[in-house]
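Visitor: So here's start22.cif (mmCIF, N, CA and C atoms).
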data_data
loop_
_atom_site.label_atom_id
_atom_site.label_comp_id
_atom_site.auth_asym_id
_atom_site.auth_seq_id
_atom_site.Cartn_x
_atom_site.Cartn_y
_atom_site.Cartn_z
N GLU A 251 11.54 -1.28 4.79
CA GLU A 251 10.71 -2.13 5.61
C GLU A 251 9.25 -1.73 5.45
N VAL A 252 8.39 -2.65 5.82
CA VAL A 252 6.97 -2.33 5.79
C VAL A 252 6.59 -1.61 7.09
N ILE A 253 5.50 -0.89 7.04
CA ILE A 253 5.00 -0.18 8.22
C ILE A 253 4.69 -1.21 9.31
N PRO A 254 5.20 -0.98 10.52
CA PRO A 254 4.89 -1.92 11.61
C PRO A 254 3.38 -2.09 11.78
N GLY A 255 2.95 -3.34 11.92
CA GLY A 255 1.53 -3.64 12.09
C GLY A 255 0.75 -3.74 10.80
N SER A 256 1.40 -3.58 9.64
CA SER A 256 0.66 -3.60 8.37
C SER A 256 0.56 -4.99 7.76
N THR A 257 1.24 -5.98 8.33
CA THR A 257 1.10 -7.34 7.82
C THR A 257 -0.16 -7.98 8.40
N SER A 258 -0.59 -9.06 7.77
CA SER A 258 -1.81 -9.77 8.18
C SER A 258 -3.03 -8.86 8.18
N GLN A 259 -3.04 -7.88 7.29
CA GLN A 259 -4.18 -6.98 7.11
C GLN A 259 -4.58 -7.00 5.64
N ASN A 260 -5.89 -6.84 5.38
CA ASN A 260 -6.31 -6.71 3.99
C ASN A 260 -5.96 -5.30 3.50
N TYR A 261 -6.20 -5.04 2.24
CA TYR A 261 -5.78 -3.77 1.64
C TYR A 261 -6.45 -2.56 2.30
N LEU A 262 -7.73 -2.70 2.62
CA LEU A 262 -8.44 -1.60 3.28
C LEU A 262 -7.87 -1.36 4.69
N GLN A 263 -7.64 -2.42 5.43
CA GLN A 263 -7.06 -2.27 6.77
C GLN A 263 -5.67 -1.64 6.69
N GLN A 264 -4.90 -2.04 5.70
CA GLN A 264 -3.58 -1.42 5.51
C GLN A 264 -3.70 0.07 5.21
N THR A 265 -4.71 0.45 4.46
CA THR A 265 -4.91 1.85 4.15
C THR A 265 -5.20 2.64 5.42
N ARG A 266 -5.98 2.08 6.32
CA ARG A 266 -6.23 2.73 7.62
C ARG A 266 -4.92 2.80 8.40
N THR A 267 -4.09 1.77 8.32
CA THR A 267 -2.80 1.77 9.01
C THR A 267 -1.90 2.88 8.46
N ILE A 268 -1.95 3.12 7.16
CA ILE A 268 -1.19 4.23 6.56
C ILE A 268 -1.65 5.55 7.18
N ALA A 269 -2.96 5.75 7.28
CA ALA A 269 -3.49 7.00 7.85
C ALA A 269 -3.00 7.18 9.29
N GLU A 270 -3.04 6.12 10.08
CA GLU A 270 -2.58 6.19 11.48
C GLU A 270 -1.08 6.44 11.55
N TYR A 271 -0.33 5.84 10.64
CA TYR A 271 1.12 6.04 10.60
C TYR A 271 1.47 7.49 10.26
N LEU A 272 0.73 8.03 9.31
CA LEU A 272 0.93 9.44 8.94
C LEU A 272 0.70 10.36 10.13
N GLU A 273 -0.43 10.16 10.79
CA GLU A 273 -0.80 11.04 11.90
C GLU A 273 0.05 10.80 13.15
N GLY A 274 0.40 9.54 13.41
CA GLY A 274 1.08 9.21 14.65
C GLY A 274 2.60 9.20 14.59
N LYS A 275 3.16 9.01 13.40
CA LYS A 275 4.62 8.92 13.27
C LYS A 275 5.20 10.01 12.36
N VAL A 276 4.72 10.05 11.13
CA VAL A 276 5.31 10.97 10.15
C VAL A 276 5.06 12.42 10.55
N TYR A 277 3.84 12.74 10.94
CA TYR A 277 3.49 14.12 11.32
C TYR A 277 3.08 14.20 12.79
N ALA A 278 3.71 13.40 13.63
CA ALA A 278 3.39 13.41 15.07
C ALA A 278 3.61 14.81 15.64
N GLY A 279 2.59 15.31 16.32
CA GLY A 279 2.69 16.62 16.96
C GLY A 279 2.52 17.81 16.04
N GLN A 280 2.21 17.56 14.79
CA GLN A 280 1.99 18.66 13.85
C GLN A 280 0.87 18.28 12.88
N GLU A 281 0.33 19.27 12.24
CA GLU A 281 -0.74 19.02 11.28
C GLU A 281 -0.14 18.59 9.93
N PRO A 282 -0.66 17.50 9.37
CA PRO A 282 -0.18 17.08 8.05
C PRO A 282 -0.53 18.12 6.98
N PRO A 283 0.17 18.11 5.87
CA PRO A 283 -0.18 19.01 4.75
C PRO A 283 -1.62 18.76 4.28
N PRO A 284 -2.22 19.76 3.65
CA PRO A 284 -3.62 19.65 3.23
C PRO A 284 -3.94 18.43 2.36
N GLN A 285 -3.01 18.02 1.50
CA GLN A 285 -3.26 16.86 0.65
C GLN A 285 -3.52 15.60 1.49
N TYR A 286 -2.77 15.44 2.57
CA TYR A 286 -2.94 14.27 3.42
C TYR A 286 -4.21 14.37 4.25
N ILE A 287 -4.53 15.55 4.72
CA ILE A 287 -5.78 15.74 5.47
C ILE A 287 -6.96 15.38 4.59
N GLU A 288 -6.95 15.86 3.35
CA GLU A 288 -8.02 15.56 2.40
C GLU A 288 -8.08 14.06 2.10
N ALA A 289 -6.92 13.43 1.95
CA ALA A 289 -6.87 11.99 1.64
C ALA A 289 -7.41 11.16 2.80
N ILE A 290 -7.07 11.53 4.02
CA ILE A 290 -7.58 10.80 5.19
C ILE A 290 -9.08 11.02 5.34
N ALA A 291 -9.55 12.21 5.06
CA ALA A 291 -10.99 12.50 5.12
C ALA A 291 -11.75 11.65 4.09
N GLU A 292 -11.17 11.47 2.92
CA GLU A 292 -11.79 10.62 1.90
C GLU A 292 -11.90 9.19 2.41
N LEU A 293 -10.85 8.68 3.03
CA LEU A 293 -10.89 7.33 3.59
C LEU A 293 -11.95 7.24 4.68
N ASP A 294 -11.97 8.21 5.57
CA ASP A 294 -12.98 8.22 6.64
C ASP A 294 -14.39 8.16 6.06
N HIS A 295 -14.63 8.90 5.00
CA HIS A 295 -15.95 8.96 4.37
C HIS A 295 -16.32 7.65 3.68
N ASP A 296 -15.36 7.00 3.01
CA ASP A 296 -15.64 5.84 2.17
C ASP A 296 -15.43 4.48 2.84
N GLU A 297 -14.78 4.46 3.99
CA GLU A 297 -14.33 3.20 4.59
C GLU A 297 -15.46 2.20 4.86
N ASP A 298 -16.56 2.62 5.45
CA ASP A 298 -17.65 1.69 5.77
C ASP A 298 -18.25 1.09 4.50
N GLU A 299 -18.45 1.91 3.49
CA GLU A 299 -19.00 1.40 2.23
C GLU A 299 -18.03 0.42 1.57
N LEU A 300 -16.75 0.73 1.57
CA LEU A 300 -15.75 -0.17 0.99
C LEU A 300 -15.72 -1.50 1.74
N GLU A 301 -15.83 -1.45 3.05
CA GLU A 301 -15.87 -2.66 3.86
C GLU A 301 -17.07 -3.52 3.50
N ARG A 302 -18.23 -2.90 3.32
CA ARG A 302 -19.44 -3.64 2.94
C ARG A 302 -19.29 -4.28 1.56
N LEU A 303 -18.66 -3.57 0.63
CA LEU A 303 -18.51 -4.08 -0.74
C LEU A 303 -17.41 -5.14 -0.86
N MET A 304 -16.53 -5.22 0.13
CA MET A 304 -15.35 -6.08 0.05
C MET A 304 -15.70 -7.52 -0.35
N GLY A 305 -16.74 -8.08 0.22
CA GLY A 305 -17.07 -9.47 -0.07
C GLY A 305 -17.94 -9.69 -1.28
N SER A 306 -18.52 -8.63 -1.84
CA SER A 306 -19.48 -8.82 -2.92
C SER A 306 -18.97 -8.42 -4.30
N ASP A 307 -18.16 -7.40 -4.40
CA ASP A 307 -17.69 -6.91 -5.71
C ASP A 307 -16.22 -6.51 -5.58
N TRP A 308 -15.34 -7.50 -5.46
CA TRP A 308 -13.93 -7.24 -5.18
C TRP A 308 -13.26 -6.39 -6.25
N GLN A 309 -13.66 -6.54 -7.52
CA GLN A 309 -13.02 -5.75 -8.58
C GLN A 309 -13.36 -4.27 -8.43
N LYS A 310 -14.61 -3.96 -8.11
CA LYS A 310 -15.00 -2.56 -7.91
C LYS A 310 -14.27 -2.00 -6.69
N VAL A 311 -14.19 -2.78 -5.62
CA VAL A 311 -13.50 -2.34 -4.41
C VAL A 311 -12.01 -2.14 -4.70
N ALA A 312 -11.40 -3.07 -5.44
CA ALA A 312 -9.97 -2.94 -5.78
C ALA A 312 -9.72 -1.65 -6.54
N GLU A 313 -10.58 -1.34 -7.49
CA GLU A 313 -10.41 -0.10 -8.27
C GLU A 313 -10.55 1.12 -7.37
N ARG A 314 -11.56 1.12 -6.52
CA ARG A 314 -11.76 2.27 -5.63
C ARG A 314 -10.63 2.42 -4.62
N LEU A 315 -10.17 1.30 -4.08
CA LEU A 315 -9.07 1.35 -3.12
C LEU A 315 -7.79 1.86 -3.77
N ALA A 316 -7.47 1.35 -4.94
CA ALA A 316 -6.25 1.78 -5.63
C ALA A 316 -6.30 3.27 -5.94
N ASN A 317 -7.50 3.78 -6.19
CA ASN A 317 -7.64 5.19 -6.56
C ASN A 317 -7.83 6.13 -5.37
N LEU A 318 -7.96 5.60 -4.16
CA LEU A 318 -8.05 6.49 -3.01
C LEU A 318 -6.83 7.40 -2.98
N LYS A 319 -7.05 8.66 -2.66
CA LYS A 319 -5.95 9.63 -2.64
C LYS A 319 -4.84 9.18 -1.69
N LEU A 320 -5.21 8.62 -0.55
CA LEU A 320 -4.20 8.20 0.41
C LEU A 320 -3.28 7.12 -0.17
N ASN A 321 -3.86 6.17 -0.90
CA ASN A 321 -3.05 5.13 -1.52
C ASN A 321 -2.21 5.67 -2.67
N GLN A 322 -2.74 6.62 -3.41
CA GLN A 322 -1.96 7.23 -4.48
C GLN A 322 -0.81 8.06 -3.93
N LEU A 323 -1.01 8.67 -2.78
CA LEU A 323 0.02 9.50 -2.16
C LEU A 323 1.05 8.69 -1.39
N CYS A 324 0.64 7.59 -0.78
CA CYS A 324 1.51 6.93 0.21
C CYS A 324 1.91 5.49 -0.11
N ARG A 325 1.38 4.91 -1.15
CA ARG A 325 1.83 3.58 -1.57
C ARG A 325 2.67 3.74 -2.83
N GLU A 326 3.66 2.90 -2.95
CA GLU A 326 4.52 2.93 -4.13
C GLU A 326 3.85 2.27 -5.32
N THR A 327 4.32 2.62 -6.50
CA THR A 327 3.95 1.89 -7.71
C THR A 327 4.84 0.65 -7.77
N PRO A 328 4.46 -0.37 -8.55
CA PRO A 328 5.35 -1.53 -8.70
C PRO A 328 6.74 -1.13 -9.20
N ALA A 329 6.80 -0.20 -10.13
CA ALA A 329 8.10 0.24 -10.67
C ALA A 329 8.96 0.88 -9.57
N GLN A 330 8.35 1.64 -8.69
CA GLN A 330 9.11 2.26 -7.60
C GLN A 330 9.68 1.21 -6.65
N VAL A 331 8.89 0.18 -6.35
CA VAL A 331 9.37 -0.89 -5.48
C VAL A 331 10.53 -1.62 -6.15
N LEU A 332 10.38 -1.94 -7.42
CA LEU A 332 11.45 -2.64 -8.14
C LEU A 332 12.72 -1.80 -8.17
N TRP A 333 12.57 -0.51 -8.40
CA TRP A 333 13.73 0.39 -8.42
C TRP A 333 14.40 0.41 -7.04
N SER A 334 13.61 0.50 -5.99
CA SER A 334 14.15 0.51 -4.62
C SER A 334 14.93 -0.77 -4.33
N ILE A 335 14.38 -1.89 -4.76
CA ILE A 335 15.03 -3.18 -4.53
C ILE A 335 16.37 -3.23 -5.26
N ALA A 336 16.37 -2.81 -6.53
CA ALA A 336 17.61 -2.83 -7.32
C ALA A 336 18.65 -1.87 -6.74
N LEU A 337 18.23 -0.67 -6.38
CA LEU A 337 19.14 0.32 -5.84
C LEU A 337 19.70 -0.11 -4.49
N PHE A 338 18.85 -0.66 -3.63
CA PHE A 338 19.29 -1.12 -2.32
C PHE A 338 20.34 -2.22 -2.47
N LYS A 339 20.12 -3.13 -3.39
CA LYS A 339 21.08 -4.22 -3.63
C LYS A 339 22.40 -3.67 -4.14
N LYS A 340 22.35 -2.72 -5.05
CA LYS A 340 23.55 -2.13 -5.63
C LYS A 340 24.38 -1.40 -4.57
N ILE A 341 23.71 -0.63 -3.72
CA ILE A 341 24.41 0.19 -2.73
C ILE A 341 24.83 -0.62 -1.51
N ASN A 342 23.93 -1.45 -0.98
CA ASN A 342 24.16 -2.14 0.29
C ASN A 342 24.60 -3.59 0.16
N HIS A 343 24.54 -4.12 -1.05
CA HIS A 343 24.91 -5.52 -1.30
C HIS A 343 24.07 -6.48 -0.45
N GLU A 344 22.83 -6.08 -0.20
CA GLU A 344 21.86 -6.89 0.53
C GLU A 344 20.53 -6.82 -0.20
N HIS A 345 19.69 -7.79 0.09
CA HIS A 345 18.36 -7.82 -0.53
C HIS A 345 17.36 -7.05 0.32
N LEU A 346 16.52 -6.26 -0.34
CA LEU A 346 15.44 -5.52 0.30
C LEU A 346 14.18 -6.37 0.20
N LEU A 347 13.45 -6.45 1.27
CA LEU A 347 12.20 -7.22 1.33
C LEU A 347 12.38 -8.73 1.11
N PRO A 348 13.40 -9.35 1.70
CA PRO A 348 13.51 -10.81 1.57
C PRO A 348 12.37 -11.46 2.36
N GLY A 349 11.63 -12.32 1.70
CA GLY A 349 10.53 -13.01 2.38
C GLY A 349 9.34 -12.13 2.70
N MET A 350 9.30 -10.92 2.18
CA MET A 350 8.23 -9.96 2.47
C MET A 350 7.79 -9.29 1.18
N TYR A 351 6.51 -8.95 1.12
CA TYR A 351 5.94 -8.23 -0.02
C TYR A 351 5.34 -6.93 0.46
N THR A 352 5.26 -5.96 -0.45
CA THR A 352 4.52 -4.72 -0.20
C THR A 352 3.44 -4.60 -1.26
N TRP A 353 2.24 -4.25 -0.82
CA TRP A 353 1.14 -4.02 -1.74
C TRP A 353 1.29 -2.62 -2.32
N THR A 354 1.11 -2.49 -3.62
CA THR A 354 1.32 -1.22 -4.31
C THR A 354 -0.02 -0.52 -4.56
N ASN A 355 0.02 0.61 -5.26
CA ASN A 355 -1.20 1.36 -5.56
C ASN A 355 -1.71 1.10 -6.97
N GLN A 356 -1.30 0.00 -7.56
CA GLN A 356 -1.69 -0.32 -8.93
C GLN A 356 -2.46 -1.64 -9.00
N ARG A 357 -3.22 -1.78 -10.07
CA ARG A 357 -3.99 -3.01 -10.30
C ARG A 357 -3.41 -3.77 -11.49
N SER A 358 -3.59 -5.08 -11.47
CA SER A 358 -3.17 -5.91 -12.59
C SER A 358 -4.20 -5.80 -13.71
N SER A 359 -3.90 -6.38 -14.84
CA SER A 359 -4.85 -6.35 -15.96
C SER A 359 -6.13 -7.10 -15.62
N GLY A 360 -6.08 -8.02 -14.68
CA GLY A 360 -7.27 -8.75 -14.25
C GLY A 360 -8.04 -8.07 -13.13
N GLY A 361 -7.53 -6.93 -12.65
CA GLY A 361 -8.24 -6.16 -11.63
C GLY A 361 -7.73 -6.35 -10.22
N ASP A 362 -6.85 -7.35 -9.99
CA ASP A 362 -6.29 -7.55 -8.65
C ASP A 362 -5.31 -6.43 -8.31
N LEU A 363 -4.97 -6.33 -7.04
CA LEU A 363 -3.99 -5.35 -6.59
C LEU A 363 -2.59 -5.97 -6.65
N VAL A 364 -1.63 -5.22 -7.16
CA VAL A 364 -0.28 -5.73 -7.41
C VAL A 364 0.58 -5.63 -6.16
N LEU A 365 1.35 -6.69 -5.91
CA LEU A 365 2.31 -6.71 -4.82
C LEU A 365 3.68 -7.05 -5.39
N VAL A 366 4.73 -6.57 -4.71
CA VAL A 366 6.10 -6.78 -5.16
C VAL A 366 6.95 -7.10 -3.94
N GLY A 367 7.89 -8.03 -4.11
CA GLY A 367 8.79 -8.31 -3.00
C GLY A 367 9.45 -9.66 -3.11
N ASP A 368 9.74 -10.23 -1.95
CA ASP A 368 10.44 -11.50 -1.81
C ASP A 368 11.75 -11.49 -2.58
N ALA A 369 12.46 -10.37 -2.49
CA ALA A 369 13.74 -10.24 -3.18
C ALA A 369 14.77 -11.16 -2.53
N GLY A 370 15.50 -11.84 -3.37
CA GLY A 370 16.54 -12.75 -2.88
C GLY A 370 17.46 -13.13 -4.01
N PRO A 371 18.29 -14.12 -3.79
CA PRO A 371 19.25 -14.53 -4.81
C PRO A 371 18.61 -14.95 -6.14
N SER A 372 17.35 -15.41 -6.08
CA SER A 372 16.66 -15.84 -7.30
C SER A 372 15.95 -14.71 -8.02
N GLY A 373 15.93 -13.51 -7.43
CA GLY A 373 15.28 -12.37 -8.07
C GLY A 373 14.18 -11.80 -7.21
N VAL A 374 13.24 -11.15 -7.87
CA VAL A 374 12.13 -10.47 -7.22
C VAL A 374 10.84 -11.06 -7.78
N LEU A 375 9.82 -11.14 -6.94
CA LEU A 375 8.54 -11.65 -7.40
C LEU A 375 7.51 -10.52 -7.44
N VAL A 376 6.70 -10.54 -8.48
CA VAL A 376 5.58 -9.63 -8.63
C VAL A 376 4.34 -10.50 -8.67
N GLY A 377 3.35 -10.17 -7.85
CA GLY A 377 2.14 -10.96 -7.79
C GLY A 377 0.92 -10.09 -7.68
N ARG A 378 -0.19 -10.73 -7.36
CA ARG A 378 -1.45 -10.01 -7.25
C ARG A 378 -2.38 -10.76 -6.30
N TYR A 379 -3.20 -10.01 -5.61
CA TYR A 379 -4.23 -10.57 -4.73
C TYR A 379 -5.49 -9.72 -4.83
N ASP A 380 -6.61 -10.35 -4.47
CA ASP A 380 -7.84 -9.60 -4.28
C ASP A 380 -7.67 -8.74 -3.02
N PRO A 381 -8.41 -7.65 -2.89
CA PRO A 381 -8.20 -6.73 -1.76
C PRO A 381 -8.50 -7.32 -0.38
N TRP A 382 -9.27 -8.39 -0.30
CA TRP A 382 -9.62 -8.95 1.00
C TRP A 382 -8.56 -9.89 1.55
N HIS A 383 -7.55 -10.24 0.76
CA HIS A 383 -6.49 -11.13 1.24
C HIS A 383 -5.67 -10.45 2.34
N SER A 384 -5.19 -11.25 3.24
CA SER A 384 -4.22 -10.79 4.24
C SER A 384 -3.24 -11.93 4.48
N ARG A 385 -1.99 -11.57 4.56
CA ARG A 385 -0.93 -12.56 4.75
C ARG A 385 0.11 -12.00 5.71
N SER A 386 0.77 -12.88 6.43
CA SER A 386 1.79 -12.45 7.38
C SER A 386 3.03 -11.90 6.68
N HIS A 387 3.20 -12.22 5.40
CA HIS A 387 4.35 -11.74 4.64
C HIS A 387 3.98 -10.61 3.66
N LEU A 388 2.81 -10.01 3.86
CA LEU A 388 2.33 -8.96 2.97
C LEU A 388 1.99 -7.71 3.78
N GLY A 389 2.82 -6.69 3.66
CA GLY A 389 2.60 -5.43 4.36
C GLY A 389 2.55 -4.28 3.37
N VAL A 390 2.84 -3.09 3.85
CA VAL A 390 2.89 -1.93 2.97
C VAL A 390 4.06 -1.05 3.40
N ARG A 391 4.84 -0.62 2.43
CA ARG A 391 5.91 0.35 2.68
C ARG A 391 5.32 1.74 2.52
N PHE A 392 5.79 2.66 3.34
CA PHE A 392 5.31 4.04 3.25
C PHE A 392 6.14 4.79 2.23
N SER A 393 5.48 5.57 1.41
CA SER A 393 6.14 6.38 0.40
C SER A 393 5.43 7.72 0.31
N ARG A 394 6.17 8.77 0.16
CA ARG A 394 5.56 10.08 -0.07
C ARG A 394 5.59 10.36 -1.56
N SER A 395 4.46 10.57 -2.12
CA SER A 395 4.36 10.84 -3.54
C SER A 395 5.08 12.13 -3.89
N ALA A 396 5.64 12.14 -5.08
CA ALA A 396 6.29 13.36 -5.58
C ALA A 396 5.27 14.46 -5.85
N LEU A 397 3.98 14.12 -5.79
CA LEU A 397 2.92 15.09 -6.04
C LEU A 397 2.73 16.05 -4.87
N VAL A 398 3.27 15.69 -3.71
CA VAL A 398 3.08 16.53 -2.53
C VAL A 398 4.14 17.59 -2.46
#
Could you render the structure as structure tokens?

Guide:
Amino acid sequence: EVIPGSTSQNYLQQTRTIAEYLEGKVYAGQEPPPQYIEAIAELDHDEDELERLMGSDWQKVAERLANLKLNQLCRETPAQVLWSIALFKKINHEHLLPGMYTWTNQRSSGGDLVLVGDAGPSGVLVGRYDPWHSRSHLGVRFSRSALV
């Protein structure tokens, strides 16, 4: 499932939601590992500038957002989402993310941010949006990078 409250948010807002989810749910009552503290500090430092750039240079913002440490640590790659969907179907005989997409930490060849989901009987869809888009069917799944 996607993180509660992460739908109908643009990519930057979702990144802030990841930080809040980490602090409030994943590591509630304890200090997160140093990698996450550093990643959240980077977001805190860059967030206002990224917000200002959002409407003027979406490709630059998309690149910076995708490369934020927090997104690299906590968002899945498109391949990871596809693998999760296939594995979930094989084990549970149900579709993962039906009618829902998760934004990943990768960019398309055109510079947009890649999303994966809407798994159903017809397959899985892979798409892309500019970072300022927000949709009720577009959230973010939480993932812990193997780098931690």

Visitor: Please tell me which residues are no farther than 7 Å from (4.5, -5.7, 6.8) in the file, counting all atoms listed in the file, and write them as a list in words.

Guide: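 Collected hits near the coordinates: Glu251, Val252, Ile253, Pro254, Gly255, Ser256, Thr257, Ser258, Tyr351, Ser386, His387, Leu388, Gly389, Val390 and Arg391 of chain A.
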
Visitor: Any idea what the distance is between CA of Arg357 (chain A) and atom C of Leu337 (chain A)?

Guide: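 CA of Arg357 (chain A) sits 24.6 Å away from atom C of Leu337 (chain A).
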
Visitor: So which one's closest to Tyr379 (chain A), A:Leu303, A:Ala291, A:Leu347, A:Ala312? Using only C-alpha atoms, please.

Guide: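 Closest residue, counting only C-alpha atoms: A:Ala312.
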
Visitor: As a ChimeraX atom specification, please: all residues of chain A that backbone DSSP puts in helix (DSSP H, G or I).

Guide: /A:261-276,284-303,308-317,319-324,328-342

Visitor: Ranking A:Val366, A:Arg394, A:Asn260, A:Val276 by minimum distance to Trp333 (chain A) and counting only C-alpha atoms, which one comes first?

Guide: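 Looking at the shortest contact to Trp333 (chain A), the residue is A:Val366.
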
Visitor: Just want the 8 Å neighbourhood of Ile268 (chain A), counted on all atoms listed in the file, with same-chain residues fewer than 6 positions away dropped. Output as a count of residues only.

Guide: 7

Visitor: Pick the closest to Thr354 (chain A) from A:Ile335, A:Glu281, A:His295, A:Tyr261: which is it, counting only C-alpha atoms?

Guide: A:Tyr261

Visitor: Check region 265-361 of chain A with DSSP on the backbone and list each residue it calls strand (DSSP E), as number ranges by chain.

Guide: A: 351-357

Visitor: So how many Å separate CA of Met304 (chain A) and CA of Ile287 (chain A), to one decimal?

Guide: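 Computing it gives 24.4 Å between the two atoms.
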
Visitor: Have a look at A:Ser384, A:Leu315, A:Ser372, A:Tyr286 and name the one nearest to Leu300 (chain A); count only N, CA and C atoms.

Guide: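 Selected residue with least distance to Leu300 (chain A): A:Leu315.
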
Visitor: If you measure from atom N of Pro283 (chain A) to atom C of Arg266 (chain A), what distance in Å do you get, rounded to one decimal?

Guide: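 Straight-line distance from atom N of Pro283 (chain A) to atom C of Arg266 (chain A) works out to 16.3 Å.
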
Visitor: Write out as a compact mmCIF listing (two decimals) with N, CA and C atoms, in the frame of the given file which residues come within 5 Å of Val376 (chain A) when counting all atoms listed in the file, dropping same-chain ones fewer than 2 positions away.

Guide:
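Saved to around-v9.txt:
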# COMPACT_ATOMS: atom_id res chain seq x y z
N LEU A 365 1.35 -6.69 -5.91
CA LEU A 365 2.31 -6.71 -4.82
C LEU A 365 3.68 -7.05 -5.39
N VAL A 366 4.73 -6.57 -4.71
CA VAL A 366 6.10 -6.78 -5.16
C VAL A 366 6.95 -7.10 -3.94
N VAL A 374 13.24 -11.15 -7.87
CA VAL A 374 12.13 -10.47 -7.22
C VAL A 374 10.84 -11.06 -7.78
N ARG A 378 -0.19 -10.73 -7.36
CA ARG A 378 -1.45 -10.01 -7.25
C ARG A 378 -2.38 -10.76 -6.30
